[in-house]
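Enquirer: Handing over query-v9.txt, compact mmCIF, C-alpha atoms and all ligand atoms.
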```
# COMPACT_ATOMS: atom_id res chain seq x y z
CA MET A 1 -56.08 55.43 77.38
CA ASN A 2 -58.41 56.82 74.72
CA SER A 3 -58.35 60.57 74.47
CA ALA A 4 -61.52 62.52 75.12
CA ARG A 5 -62.32 66.16 74.55
CA ILE A 6 -64.70 68.39 76.47
CA VAL A 7 -67.73 68.88 74.21
CA SER A 8 -70.10 71.05 76.27
CA LEU A 9 -70.87 72.49 79.69
CA GLU A 10 -74.46 72.93 80.80
CA SER A 11 -75.18 74.78 84.04
CA ILE A 12 -78.60 74.34 85.61
CA ILE A 13 -80.15 76.25 88.52
CA VAL A 14 -82.32 74.04 90.73
CA ASP A 15 -84.53 75.30 93.58
CA LEU A 16 -85.37 72.75 96.29
CA PRO A 17 -87.43 73.29 99.46
CA THR A 18 -85.86 72.80 102.91
CA ILE A 19 -87.44 70.56 105.57
CA ARG A 20 -87.85 73.62 107.87
CA PRO A 21 -86.66 77.23 107.88
CA HIS A 22 -82.88 77.21 108.46
CA LYS A 23 -81.91 80.41 110.31
CA LEU A 24 -78.38 81.67 109.84
CA ALA A 25 -77.21 85.03 111.20
CA MET A 26 -77.29 86.59 107.74
CA HIS A 27 -80.22 84.80 106.10
CA THR A 28 -83.14 82.45 106.75
CA MET A 29 -83.27 79.65 104.18
CA ARG A 30 -86.67 78.29 103.13
CA GLN A 31 -85.23 76.70 100.03
CA GLN A 32 -81.77 75.94 98.71
CA THR A 33 -80.63 76.83 95.22
CA LEU A 34 -78.17 74.42 93.64
CA VAL A 35 -76.12 75.11 90.51
CA ILE A 36 -75.57 71.78 88.78
CA LEU A 37 -72.97 71.38 86.04
CA ARG A 38 -73.13 68.72 83.32
CA LEU A 39 -69.79 68.45 81.52
CA ARG A 40 -70.10 66.29 78.42
CA CYS A 41 -67.12 64.64 76.74
CA SER A 42 -66.44 63.24 73.25
CA ASP A 43 -66.35 59.65 74.62
CA ASP A 44 -70.01 60.10 75.73
CA ILE A 45 -69.03 60.33 79.37
CA GLU A 46 -70.73 63.05 81.41
CA GLY A 47 -69.16 64.52 84.53
CA LEU A 48 -71.37 66.10 87.22
CA GLY A 49 -70.41 69.07 89.36
CA GLU A 50 -72.14 71.44 91.76
CA ALA A 51 -71.54 75.05 92.78
CA THR A 52 -73.92 75.93 95.57
CA THR A 53 -73.89 78.87 97.95
CA ILE A 54 -76.25 80.08 100.70
CA GLY A 55 -78.74 82.95 100.55
CA GLY A 56 -77.99 84.51 97.16
CA LEU A 57 -75.20 87.00 97.88
CA ALA A 58 -75.75 86.97 101.67
CA TYR A 59 -72.92 84.50 102.31
CA GLY A 60 -70.24 84.94 99.68
CA ASN A 61 -69.15 86.82 96.58
CA GLU A 62 -70.88 84.50 94.10
CA SER A 63 -74.65 84.05 93.70
CA PRO A 64 -76.30 81.11 91.89
CA GLU A 65 -77.10 83.42 88.99
CA SER A 66 -73.56 84.83 88.76
CA ILE A 67 -72.09 81.33 89.01
CA LYS A 68 -74.28 80.17 86.12
CA SER A 69 -73.49 83.22 84.03
CA ASN A 70 -69.75 82.90 84.63
CA LEU A 71 -69.77 79.18 83.86
CA ASP A 72 -71.69 79.79 80.63
CA HIS A 73 -69.83 82.87 79.41
CA HIS A 74 -66.29 82.54 80.76
CA PHE A 75 -65.51 78.97 81.85
CA ALA A 76 -67.20 77.05 79.03
CA PRO A 77 -65.41 78.80 76.11
CA LEU A 78 -62.03 78.12 77.77
CA LEU A 79 -62.81 74.44 78.32
CA ILE A 80 -64.65 73.30 75.20
CA GLY A 81 -62.28 71.34 72.94
CA GLN A 82 -59.73 70.77 75.74
CA ASP A 83 -58.49 67.32 76.80
CA ALA A 84 -61.04 66.03 79.32
CA THR A 85 -58.57 63.49 80.71
CA ASN A 86 -55.94 66.06 81.80
CA ILE A 87 -57.38 67.77 84.87
CA ASN A 88 -54.12 69.60 85.67
CA ALA A 89 -54.01 71.16 82.20
CA ALA A 90 -57.69 72.15 82.24
CA MET A 91 -57.54 73.74 85.71
CA GLN A 92 -54.26 75.54 84.94
CA ARG A 93 -55.88 76.97 81.81
CA LEU A 94 -58.65 78.41 84.01
CA ASP A 95 -56.07 79.73 86.53
CA LYS A 96 -54.42 81.80 83.79
CA ALA A 97 -57.63 83.39 82.55
CA ILE A 98 -60.00 83.64 85.54
CA LYS A 99 -59.54 85.29 88.94
CA GLY A 100 -61.46 84.07 92.02
CA ASN A 101 -64.79 82.34 91.30
CA THR A 102 -63.91 79.36 93.46
CA PHE A 103 -67.51 78.08 93.51
CA ALA A 104 -67.74 77.81 89.72
CA ARG A 105 -64.18 76.46 89.61
CA SER A 106 -65.14 73.78 92.14
CA ALA A 107 -68.05 72.63 89.96
CA VAL A 108 -65.69 72.28 86.97
CA GLU A 109 -63.00 70.44 88.93
CA THR A 110 -65.63 68.12 90.40
CA ALA A 111 -67.17 67.38 86.99
CA LEU A 112 -63.74 66.64 85.47
CA LEU A 113 -62.92 64.26 88.33
CA ASP A 114 -66.32 62.56 88.06
CA ALA A 115 -65.90 62.07 84.30
CA GLN A 116 -62.34 60.79 84.65
CA GLY A 117 -63.37 58.43 87.44
CA LYS A 118 -66.18 57.01 85.30
CA ARG A 119 -63.73 56.68 82.39
CA LEU A 120 -61.15 54.77 84.44
CA GLY A 121 -63.59 52.87 86.66
CA LEU A 122 -62.22 54.59 89.79
CA ALA A 123 -63.97 56.48 92.57
CA VAL A 124 -63.01 60.15 92.92
CA SER A 125 -61.37 59.31 96.27
CA GLU A 126 -59.11 56.85 94.43
CA LEU A 127 -58.22 59.46 91.78
CA LEU A 128 -57.25 61.73 94.68
CA GLY A 129 -54.69 59.21 95.86
CA GLY A 130 -56.83 56.72 97.75
CA ARG A 131 -59.32 56.74 100.61
CA VAL A 132 -58.18 55.95 104.12
CA ARG A 133 -61.74 55.54 105.44
CA ASP A 134 -65.13 54.61 103.93
CA SER A 135 -67.38 56.79 106.06
CA LEU A 136 -67.42 60.18 107.78
CA GLU A 137 -69.11 61.27 110.98
CA VAL A 138 -71.60 64.05 110.22
CA ALA A 139 -72.75 66.91 112.45
CA TRP A 140 -76.25 68.41 112.30
CA THR A 141 -76.99 72.13 112.47
CA LEU A 142 -79.61 73.35 114.94
CA ALA A 143 -81.04 76.47 113.31
CA SER A 144 -84.79 76.56 113.93
CA GLY A 145 -84.28 79.71 115.99
CA ASP A 146 -86.19 78.23 118.98
CA THR A 147 -84.42 76.65 121.97
CA GLY A 148 -87.11 74.05 122.70
CA LYS A 149 -87.43 73.01 119.06
CA ASP A 150 -83.64 72.75 118.71
CA ILE A 151 -83.41 70.51 121.80
CA ASP A 152 -86.26 68.27 120.56
CA GLU A 153 -84.60 68.02 117.14
CA ALA A 154 -81.23 67.08 118.68
CA VAL A 155 -82.80 64.46 120.98
CA GLN A 156 -84.54 62.91 117.97
CA MET A 157 -81.25 62.79 116.04
CA LEU A 158 -79.51 61.11 118.97
CA GLU A 159 -82.30 58.54 119.29
CA GLN A 160 -82.15 57.77 115.59
CA ARG A 161 -78.32 57.48 115.84
CA ARG A 162 -78.12 59.97 112.98
CA HIS A 163 -76.07 62.75 114.65
CA ARG A 164 -74.32 63.31 117.98
CA ILE A 165 -72.45 66.47 117.00
CA PHE A 166 -74.55 69.63 116.87
CA LYS A 167 -73.64 73.05 115.52
CA VAL A 168 -75.86 75.84 116.79
CA LYS A 169 -76.31 78.85 114.52
CA ILE A 170 -76.11 82.11 116.47
CA GLY A 171 -75.21 85.76 115.94
CA ALA A 172 -78.52 87.29 114.86
CA ASN A 173 -79.89 87.81 118.40
CA PRO A 174 -78.53 89.91 121.28
CA LEU A 175 -75.39 88.31 122.74
CA GLU A 176 -76.85 87.28 126.12
CA GLN A 177 -79.92 85.72 124.45
CA ASP A 178 -77.70 83.69 122.12
CA LEU A 179 -75.44 82.57 124.97
CA SER A 180 -78.43 81.41 127.09
CA HIS A 181 -79.83 79.57 124.03
CA VAL A 182 -76.60 77.61 123.48
CA VAL A 183 -75.95 76.89 127.16
CA ALA A 184 -79.54 75.57 127.54
CA ILE A 185 -79.04 73.21 124.58
CA LYS A 186 -75.73 71.94 125.98
CA LYS A 187 -77.29 71.41 129.45
CA ALA A 188 -80.19 69.45 127.94
CA LEU A 189 -77.96 67.19 125.83
CA GLY A 190 -75.09 66.72 128.31
CA ALA A 191 -72.05 64.58 127.62
CA GLN A 192 -73.74 62.44 124.95
CA ALA A 193 -73.37 65.24 122.39
CA SER A 194 -70.68 67.62 121.17
CA VAL A 195 -72.18 71.11 120.95
CA ARG A 196 -70.51 73.79 118.85
CA VAL A 197 -71.53 77.23 117.57
CA ASP A 198 -71.24 79.12 114.31
CA VAL A 199 -71.50 82.91 114.63
CA ASN A 200 -71.03 83.55 110.91
CA GLN A 201 -68.91 86.69 111.63
CA TYR A 202 -71.70 88.46 113.53
CA TRP A 203 -69.89 89.37 116.77
CA SER A 204 -67.63 92.34 117.31
CA GLU A 205 -64.33 91.51 118.96
CA SER A 206 -65.63 92.93 122.27
CA GLN A 207 -68.70 90.66 122.14
CA ALA A 208 -66.55 87.71 121.12
CA ILE A 209 -64.25 88.13 124.15
CA ARG A 210 -67.23 87.52 126.44
CA GLY A 211 -69.01 85.09 124.12
CA CYS A 212 -66.03 82.76 123.75
CA GLN A 213 -65.35 82.87 127.51
CA VAL A 214 -68.94 81.97 128.51
CA LEU A 215 -69.30 79.26 125.85
CA GLY A 216 -65.90 77.74 126.65
CA GLU A 217 -66.74 77.62 130.38
CA ASN A 218 -70.07 75.91 129.61
CA GLY A 219 -68.73 72.95 127.67
CA ILE A 220 -69.06 74.24 124.09
CA ASP A 221 -66.40 72.42 122.11
CA LEU A 222 -65.73 74.79 119.20
CA ILE A 223 -66.49 78.35 118.08
CA GLU A 224 -66.73 78.91 114.34
CA GLN A 225 -65.99 82.28 112.73
CA PRO A 226 -66.96 84.53 115.68
CA ILE A 227 -65.90 87.80 114.04
CA SER A 228 -65.46 89.34 110.61
CA ARG A 229 -63.04 87.72 108.19
CA ILE A 230 -61.62 91.23 107.66
CA ASN A 231 -60.52 91.63 111.31
CA ARG A 232 -57.36 89.55 111.16
CA GLY A 233 -55.84 91.11 114.31
CA GLY A 234 -58.99 90.28 116.26
CA GLN A 235 -58.94 86.68 115.03
CA ILE A 236 -55.33 86.27 116.19
CA ARG A 237 -56.14 87.73 119.62
CA LEU A 238 -59.25 85.53 120.04
CA ASN A 239 -57.37 82.44 118.97
CA GLN A 240 -54.88 83.13 121.77
CA ARG A 241 -57.38 83.84 124.56
CA SER A 242 -60.55 81.80 123.85
CA PRO A 243 -60.99 78.79 126.17
CA ALA A 244 -62.75 76.95 123.29
CA PRO A 245 -60.89 76.49 119.98
CA ILE A 246 -61.63 78.91 117.15
CA MET A 247 -62.42 77.60 113.66
CA ALA A 248 -61.97 79.67 110.50
CA ASP A 249 -64.77 79.39 107.93
CA GLU A 250 -65.58 82.63 106.06
CA SER A 251 -61.94 83.68 106.60
CA ILE A 252 -60.96 81.07 104.01
CA GLU A 253 -62.05 82.15 100.54
CA SER A 254 -59.06 80.57 98.82
CA VAL A 255 -56.06 78.32 99.39
CA GLU A 256 -53.97 81.50 99.74
CA ASP A 257 -56.25 82.72 102.58
CA ALA A 258 -55.59 79.42 104.34
CA PHE A 259 -51.84 79.99 104.06
CA SER A 260 -51.98 83.50 105.48
CA LEU A 261 -54.30 82.47 108.35
CA ALA A 262 -51.92 79.66 109.24
CA ALA A 263 -48.90 81.99 109.03
CA ASP A 264 -50.64 84.52 111.32
CA GLY A 265 -51.88 81.93 113.85
CA ALA A 266 -55.45 83.17 113.42
CA ALA A 267 -57.30 79.86 113.98
CA SER A 268 -56.61 76.40 115.40
CA ILE A 269 -59.16 74.59 113.18
CA PHE A 270 -59.96 75.06 109.47
CA ALA A 271 -63.39 74.36 107.95
CA LEU A 272 -62.60 72.73 104.61
CA LYS A 273 -65.07 73.60 101.84
CA ILE A 274 -64.54 72.57 98.24
CA ALA A 275 -66.56 75.57 97.02
CA LYS A 276 -64.34 78.08 98.80
CA ASN A 277 -61.08 76.59 97.61
CA GLY A 278 -61.94 75.69 94.03
CA GLY A 279 -62.72 71.98 94.11
CA PRO A 280 -61.88 68.65 95.74
CA ARG A 281 -58.21 68.86 94.75
CA ALA A 282 -57.92 72.51 95.78
CA VAL A 283 -59.41 71.81 99.22
CA LEU A 284 -56.73 69.19 99.80
CA ARG A 285 -54.08 71.89 99.24
CA THR A 286 -55.68 73.84 102.12
CA ALA A 287 -55.68 70.65 104.19
CA GLN A 288 -51.96 70.23 103.52
CA ILE A 289 -51.27 73.80 104.66
CA ALA A 290 -53.23 73.10 107.84
CA GLU A 291 -51.38 69.86 108.48
CA ALA A 292 -48.01 71.56 108.04
CA ALA A 293 -49.08 74.28 110.48
CA GLY A 294 -50.54 71.91 113.09
CA ILE A 295 -54.09 73.16 112.46
CA ALA A 296 -56.90 70.64 112.95
CA LEU A 297 -59.44 69.91 110.22
CA TYR A 298 -63.22 69.88 109.86
CA GLY A 299 -65.11 68.87 106.72
CA GLY A 300 -67.41 71.81 106.00
CA THR A 301 -70.41 72.32 103.73
CA MET A 302 -72.10 75.10 101.79
CA LEU A 303 -75.30 73.06 102.25
CA GLU A 304 -74.86 71.49 98.85
CA GLY A 305 -77.11 68.78 97.47
CA THR A 306 -75.86 65.26 96.94
CA ILE A 307 -73.40 66.01 94.11
CA GLY A 308 -71.46 68.67 96.04
CA THR A 309 -71.77 66.66 99.25
CA MET A 310 -70.33 63.48 97.73
CA ALA A 311 -67.57 65.46 95.98
CA SER A 312 -66.60 66.88 99.38
CA ALA A 313 -66.87 63.45 100.99
CA HIS A 314 -64.54 61.83 98.45
CA ALA A 315 -61.89 64.48 99.22
CA PHE A 316 -62.34 64.16 103.00
CA LEU A 317 -62.03 60.34 102.83
CA THR A 318 -58.39 60.78 101.80
CA LEU A 319 -57.25 62.96 104.73
CA ALA A 320 -54.79 61.73 107.34
CA GLN A 321 -56.73 63.48 110.12
CA LEU A 322 -60.22 64.90 110.42
CA VAL A 323 -60.29 65.50 114.16
CA TRP A 324 -63.51 67.58 114.18
CA HIS A 325 -65.35 65.35 111.69
CA THR A 326 -67.73 66.81 109.10
CA GLU A 327 -71.05 68.54 108.56
CA LEU A 328 -71.94 66.93 105.23
CA PHE A 329 -75.66 66.86 105.93
CA GLY A 330 -76.81 69.12 103.05
CA PRO A 331 -79.05 66.50 101.35
CA LEU A 332 -80.84 65.87 104.68
CA LEU A 333 -81.96 69.51 104.82
CA LEU A 334 -83.76 69.21 101.48
CA THR A 335 -87.16 67.63 100.89
CA GLU A 336 -86.24 66.46 97.38
CA GLU A 337 -83.39 64.59 95.69
CA ILE A 338 -82.31 65.12 92.06
CA VAL A 339 -79.96 62.14 91.77
CA GLN A 340 -80.88 58.47 91.68
CA GLN A 341 -78.63 57.52 94.62
CA ALA A 342 -79.66 59.16 97.88
CA PRO A 343 -76.64 59.24 100.22
CA GLU A 344 -76.59 56.69 103.02
CA TYR A 345 -76.59 58.14 106.55
CA ARG A 346 -76.53 55.66 109.43
CA ASP A 347 -74.87 55.19 112.81
CA PHE A 348 -73.87 58.89 112.88
CA GLU A 349 -71.97 58.58 109.61
CA LEU A 350 -72.23 59.16 105.88
CA HIS A 351 -71.19 55.98 104.08
CA VAL A 352 -69.51 56.53 100.71
CA PRO A 353 -69.59 53.69 98.15
CA ASN A 354 -66.37 52.96 96.28
CA THR A 355 -67.99 53.19 92.82
CA PRO A 356 -66.66 55.00 89.71
CA GLY A 357 -66.58 58.80 89.79
CA LEU A 358 -68.93 60.28 92.36
CA GLY A 359 -71.15 57.23 91.99
CA LEU A 360 -74.14 59.39 91.01
CA ALA A 361 -76.57 59.71 88.09
CA LEU A 362 -79.11 62.49 87.69
CA ASP A 363 -82.81 61.70 88.04
CA GLU A 364 -83.90 63.42 84.83
CA GLU A 365 -87.58 63.59 85.75
CA ARG A 366 -86.90 65.27 89.08
CA LEU A 367 -84.30 67.57 87.58
CA ALA A 368 -86.83 68.69 84.96
CA ARG A 369 -89.41 69.31 87.71
CA PHE A 370 -87.17 71.45 89.94
CA ARG A 371 -84.91 73.26 87.46
CA ARG A 372 -85.47 76.98 87.12
CA THR A 373 -86.80 78.01 83.74
C1 LIG B 401 -71.61 77.74 107.46
O1 LIG B 401 -71.40 78.91 107.69
O2 LIG B 401 -70.89 76.92 108.00
C2 LIG B 401 -72.92 74.96 107.21
C3 LIG B 401 -73.85 74.34 107.96
C4 LIG B 401 -74.94 75.20 108.08
O3 LIG B 401 -75.98 75.02 108.67
O4 LIG B 401 -74.65 76.36 107.43
C5 LIG B 401 -73.48 76.18 106.72
C6 LIG B 401 -72.67 77.36 106.46
MG MG B 402 -69.72 78.46 109.05
```
Step by step, read the file and then write its structure as structure tokens.

Expert:
Amino acid sequence: MNSARIVSLESIIVDLPTIRPHKLAMHTMRQQTLVILRLRCSDDIEGLGEATTIGGLAYGNESPESIKSNLDHHFAPLLIGQDATNINAAMQRLDKAIKGNTFARSAVETALLDAQGKRLGLAVSELLGGRVRDSLEVAWTLASGDTGKDIDEAVQMLEQRRHRIFKVKIGANPLEQDLSHVVAIKKALGAQASVRVDVNQYWSESQAIRGCQVLGENGIDLIEQPISRINRGGQIRLNQRSPAPIMADESIESVEDAFSLAADGAASIFALKIAKNGGPRAVLRTAQIAEAAGIALYGGTMLEGTIGTMASAHAFLTLAQLVWHTELFGPLLLTEEIVQQAPEYRDFELHVPNTPGLGLALDEERLARFRRT
């Protein structure tokens, strides 16, 4: 194979409107900010990556602005001139020099995989060892903040055969109000839908004891991150007593976090997110830890646009089990697309073409319109 060097990295902040306000416990989104990475190589191949978080610094330790700054000032100098075809060597070079920063790391790993896939004529899923499925079932998040609106939205999704798994965002309102909200949604949708909740760490352990009990008794299938990632003892106790399974999301900020959660028995499901592990290859290391520990898997999202969503999808296509399916609906929450290939959602699933790399090309006109100057 011809050698190719990394020539440049360009990180671009893009602000895109959402289809409606998206209310999470810690932040209400009216737009989503993507950080897009263009990694150019000496053989004229360009790899695309994405490092997107939610609500500035409301969700995690990296903001779009810090991700861009760290890519420009710390990642790029380490990568320029390196062999673009050796992803192990490039990522190990970053490991030696940079702590944390899994979002930025994920963008780099994604862009290297995309470039290598284009170079070899292989989809990223094939570079990762081979896909075992071509599509992924996708959940939708109900987060309008209004019970009636959420029910109407879910009914519409069911009718359109777009989603039949719904994750309800709670935690911001008083406990009893949130519980009534979720139970009303489950009652309205009945057995045709799986209803789950995401508390985004907003309950205390004492609230979670009651919350998990009531939700479990009312047919809620899964409870995501009910309490703080810091309260490990509480997570272990809840995982033992909750009638509905507990999923770890914010608790996993690295592959090492996944190992210690598994060792402690602090969750029975892991939300896999490429951004919180350091890329599509890194997230598969967390998946392997889960599999060894008997922990079930769910394909999570940081509400990325199409680049991050397809990078996640390619990784999830390779997994032996994905019992709780995925929530790769990020592009559907946005009013605008900045790539030429809008992802294909039909019959409750995201269908992933087996084309080289991520199978995506930027729409330069739209990128120019929405990039932050
Ligand atoms: C999260 O905490 O899971 C995923 C779906 C959604 O609506 O928010 C995200 C973040
Ligand atoms: Mg979550």

Enquirer: Determine, for each residue of chain A having at least one atom at most 10 Å from an atom of ligand MG 402 (chain B), the closest pair of atoms and their separation in Å to one decimal, counting all atoms listed in the file; order by chain and ascending number, as JSON lines.

Expert:
```
{"residue": "A:Leu24", "atom": "CA", "partner": "B:MG402", "partner_atom": "MG", "distance": 9.3}
{"residue": "A:Tyr59", "atom": "CA", "partner": "B:MG402", "partner_atom": "MG", "distance": 9.6}
{"residue": "A:Lys167", "atom": "CA", "partner": "B:MG402", "partner_atom": "MG", "distance": 9.3}
{"residue": "A:Lys169", "atom": "CA", "partner": "B:MG402", "partner_atom": "MG", "distance": 8.6}
{"residue": "A:Val197", "atom": "CA", "partner": "B:MG402", "partner_atom": "MG", "distance": 8.8}
{"residue": "A:Asp198", "atom": "CA", "partner": "B:MG402", "partner_atom": "MG", "distance": 5.5}
{"residue": "A:Val199", "atom": "CA", "partner": "B:MG402", "partner_atom": "MG", "distance": 7.4}
{"residue": "A:Asn200", "atom": "CA", "partner": "B:MG402", "partner_atom": "MG", "distance": 5.6}
{"residue": "A:Gln201", "atom": "CA", "partner": "B:MG402", "partner_atom": "MG", "distance": 8.7}
{"residue": "A:Ile223", "atom": "CA", "partner": "B:MG402", "partner_atom": "MG", "distance": 9.6}
{"residue": "A:Glu224", "atom": "CA", "partner": "B:MG402", "partner_atom": "MG", "distance": 6.1}
{"residue": "A:Gln225", "atom": "CA", "partner": "B:MG402", "partner_atom": "MG", "distance": 6.5}
{"residue": "A:Pro226", "atom": "CA", "partner": "B:MG402", "partner_atom": "MG", "distance": 9.4}
{"residue": "A:Met247", "atom": "CA", "partner": "B:MG402", "partner_atom": "MG", "distance": 8.7}
{"residue": "A:Ala248", "atom": "CA", "partner": "B:MG402", "partner_atom": "MG", "distance": 8.0}
{"residue": "A:Asp249", "atom": "CA", "partner": "B:MG402", "partner_atom": "MG", "distance": 5.2}
{"residue": "A:Glu250", "atom": "CA", "partner": "B:MG402", "partner_atom": "MG", "distance": 6.6}
{"residue": "A:Ser251", "atom": "CA", "partner": "B:MG402", "partner_atom": "MG", "distance": 9.7}
{"residue": "A:Ala271", "atom": "CA", "partner": "B:MG402", "partner_atom": "MG", "distance": 7.6}
{"residue": "A:Lys273", "atom": "CA", "partner": "B:MG402", "partner_atom": "MG", "distance": 9.9}
{"residue": "A:Gly300", "atom": "CA", "partner": "B:MG402", "partner_atom": "MG", "distance": 7.7}
{"residue": "A:Thr301", "atom": "CA", "partner": "B:MG402", "partner_atom": "MG", "distance": 8.2}
{"residue": "A:Met302", "atom": "CA", "partner": "B:MG402", "partner_atom": "MG", "distance": 8.3}
```

Enquirer: Can you tell me, as a JSON list (two decimals) with C-alpha atoms, in the coordinates of the input, what residues are no more than 6 Å from range 1-16 of chain A when counting only C-alpha atoms, ignoring any on the same chain fewer than 6 positions away?

Expert:
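This is the output file part_19.json:
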```json
[["chain", "number", "residue", "atom", "x", "y", "z"],
["A", 31, "GLN", "CA", -85.23, 76.70, 100.03],
["A", 32, "GLN", "CA", -81.77, 75.94, 98.71],
["A", 33, "THR", "CA", -80.63, 76.83, 95.22],
["A", 34, "LEU", "CA", -78.17, 74.42, 93.64],
["A", 35, "VAL", "CA", -76.12, 75.11, 90.51],
["A", 36, "ILE", "CA", -75.57, 71.78, 88.78],
["A", 37, "LEU", "CA", -72.97, 71.38, 86.04],
["A", 38, "ARG", "CA", -73.13, 68.72, 83.32],
["A", 39, "LEU", "CA", -69.79, 68.45, 81.52],
["A", 40, "ARG", "CA", -70.10, 66.29, 78.42],
["A", 41, "CYS", "CA", -67.12, 64.64, 76.74],
["A", 42, "SER", "CA", -66.44, 63.24, 73.25],
["A", 43, "ASP", "CA", -66.35, 59.65, 74.62],
["A", 68, "LYS", "CA", -74.28, 80.17, 86.12],
["A", 76, "ALA", "CA", -67.20, 77.05, 79.03],
["A", 80, "ILE", "CA", -64.65, 73.30, 75.20],
["A", 81, "GLY", "CA", -62.28, 71.34, 72.94],
["A", 82, "GLN", "CA", -59.73, 70.77, 75.74],
["A", 83, "ASP", "CA", -58.49, 67.32, 76.80],
["A", 84, "ALA", "CA", -61.04, 66.03, 79.32],
["A", 370, "PHE", "CA", -87.17, 71.45, 89.94],
["A", 371, "ARG", "CA", -84.91, 73.26, 87.46],
["A", 372, "ARG", "CA", -85.47, 76.98, 87.12]]
```

Enquirer: For Met91 in chain A, work out the shell of residues within 12 Å, counting only C-alpha atoms and skipping chain neighbours fewer than 2 positions away, then give it as a ChimeraX atom specification.

Expert: /A:75,78-79,82-89,93-98,102,104-113,278-279,281-282

Enquirer: Would you please work out which residue, of A:Ala266, A:Leu136, A:Leu142, A:Ile295, is nearest to Gln240 in chain A when using only C-alpha atoms?

Expert: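 Under the stated criterion, the closest residue is A:Ala266.
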
Enquirer: Name the closest residue to ligand LIG 401 (chain B) among the candidates A:His351, A:His74, A:Lys99, A:Lys276; distances are taken between atoms, counting all atoms listed in the file.

Expert: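 Distance minimum relative to ligand LIG 401 (chain B) lands on A:Lys276.
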
Enquirer: Counting all atoms listed in the file, which of A:Glu62, A:Asp114, A:Glu304, A:Glu50 gets nearest to ligand LIG 401 (chain B)?

Expert: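 Ranking A:Glu62, A:Asp114, A:Glu304, A:Glu50 by distance to ligand LIG 401 (chain B), first place goes to A:Glu304.
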
Enquirer: Identify which of the residues A:Leu127, A:Val138, A:Met157, A:Met310 lies closest to ligand LIG 401 (chain B), counting all atoms listed in the file when measuring atom-to-atom distances.

Expert: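 Comparing A:Leu127, A:Val138, A:Met157, A:Met310 against ligand LIG 401 (chain B), the winner is A:Val138.
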
Enquirer: Report, in Å with one decimal, the straight-line distance from atom C3 of ligand LIG 401 (chain B) to CA of Gly330 in chain A.

Expert: 7.8 Å

Enquirer: Would you kindly return, as a short mmCIF file (atom, residue, chain, number, x, y, z; two decimals) with C-alpha atoms, in the frame of the given file, each protein, DNA or RNA residue with an atom no farther than 10 Å from any atom of Gly130 in chain A, considering only C-alpha atoms and excluding same-chain residues fewer than 3 positions away?

Expert:
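Saved result, result-v8.cif, follows:
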```cif
data_model
loop_
_atom_site.label_atom_id
_atom_site.label_comp_id
_atom_site.auth_asym_id
_atom_site.auth_seq_id
_atom_site.Cartn_x
_atom_site.Cartn_y
_atom_site.Cartn_z
CA LEU A 122 -62.22 54.59 89.79
CA ALA A 123 -63.97 56.48 92.57
CA VAL A 124 -63.01 60.15 92.92
CA SER A 125 -61.37 59.31 96.27
CA GLU A 126 -59.11 56.85 94.43
CA LEU A 127 -58.22 59.46 91.78
CA ARG A 133 -61.74 55.54 105.44
CA HIS A 314 -64.54 61.83 98.45
CA ALA A 315 -61.89 64.48 99.22
CA LEU A 317 -62.03 60.34 102.83
CA THR A 318 -58.39 60.78 101.80
CA LEU A 319 -57.25 62.96 104.73
#
```

Enquirer: Return as lines of an AutoDock Vina configuration file the centre and edge lengths, in Å with one decimal, of the box along x, y and z that encloses every atom of ligand LIG 401 (chain B) in the file, padded by 6 Å per side.

Expert:
```
center_x = -73.4
center_y = 76.6
center_z = 107.6
size_x = 17.1
size_y = 16.6
size_z = 14.2
```

Enquirer: Which residues are near Leu215 in chain A? Cut-off 8 Å, all atoms listed in the file, ignore same chain within fewer than 5 positions. Put them as a list in words.

Expert: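 The filter keeps Leu179, Val182, Val183, Ile220 and Ala244 of chain A.
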
Enquirer: Which residues come within 9 Å of Phe259 in chain A, counting all atoms listed in the file, excluding same-chain residues fewer than 3 positions away, as a PyMOL selection string?

Expert: chain A and resi 254-256+262-264+286+289-290

Enquirer: Counting only C-alpha atoms and all ligand atoms, which of A:Val214, A:Leu350, A:Ala275, A:Ala313 gets nearest to ligand LIG 401 (chain B)?

Expert: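 Counting only C-alpha atoms and all ligand atoms, the residue closest to ligand LIG 401 (chain B) is A:Ala275.
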
Enquirer: So, counting only C-alpha atoms, which residue among A:Glu365, A:Ser260, A:Asn101, A:Leu48 is closest to Asn61 in chain A?

Expert: A:Asn101

Enquirer: CA of Arg20 in chain A to CA of Glu364 in chain A: how many Å, to one decimal?

Expert: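 Computing the Euclidean distance for CA of Arg20 in chain A and CA of Glu364 in chain A yields 25.5 Å.
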
Enquirer: How many Å separate atom C5 of ligand LIG 401 (chain B) from CA of Arg229 in chain A?

Expert: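 About the pair atom C5 of ligand LIG 401 (chain B) and CA of Arg229 in chain A: they are 15.6 Å apart.
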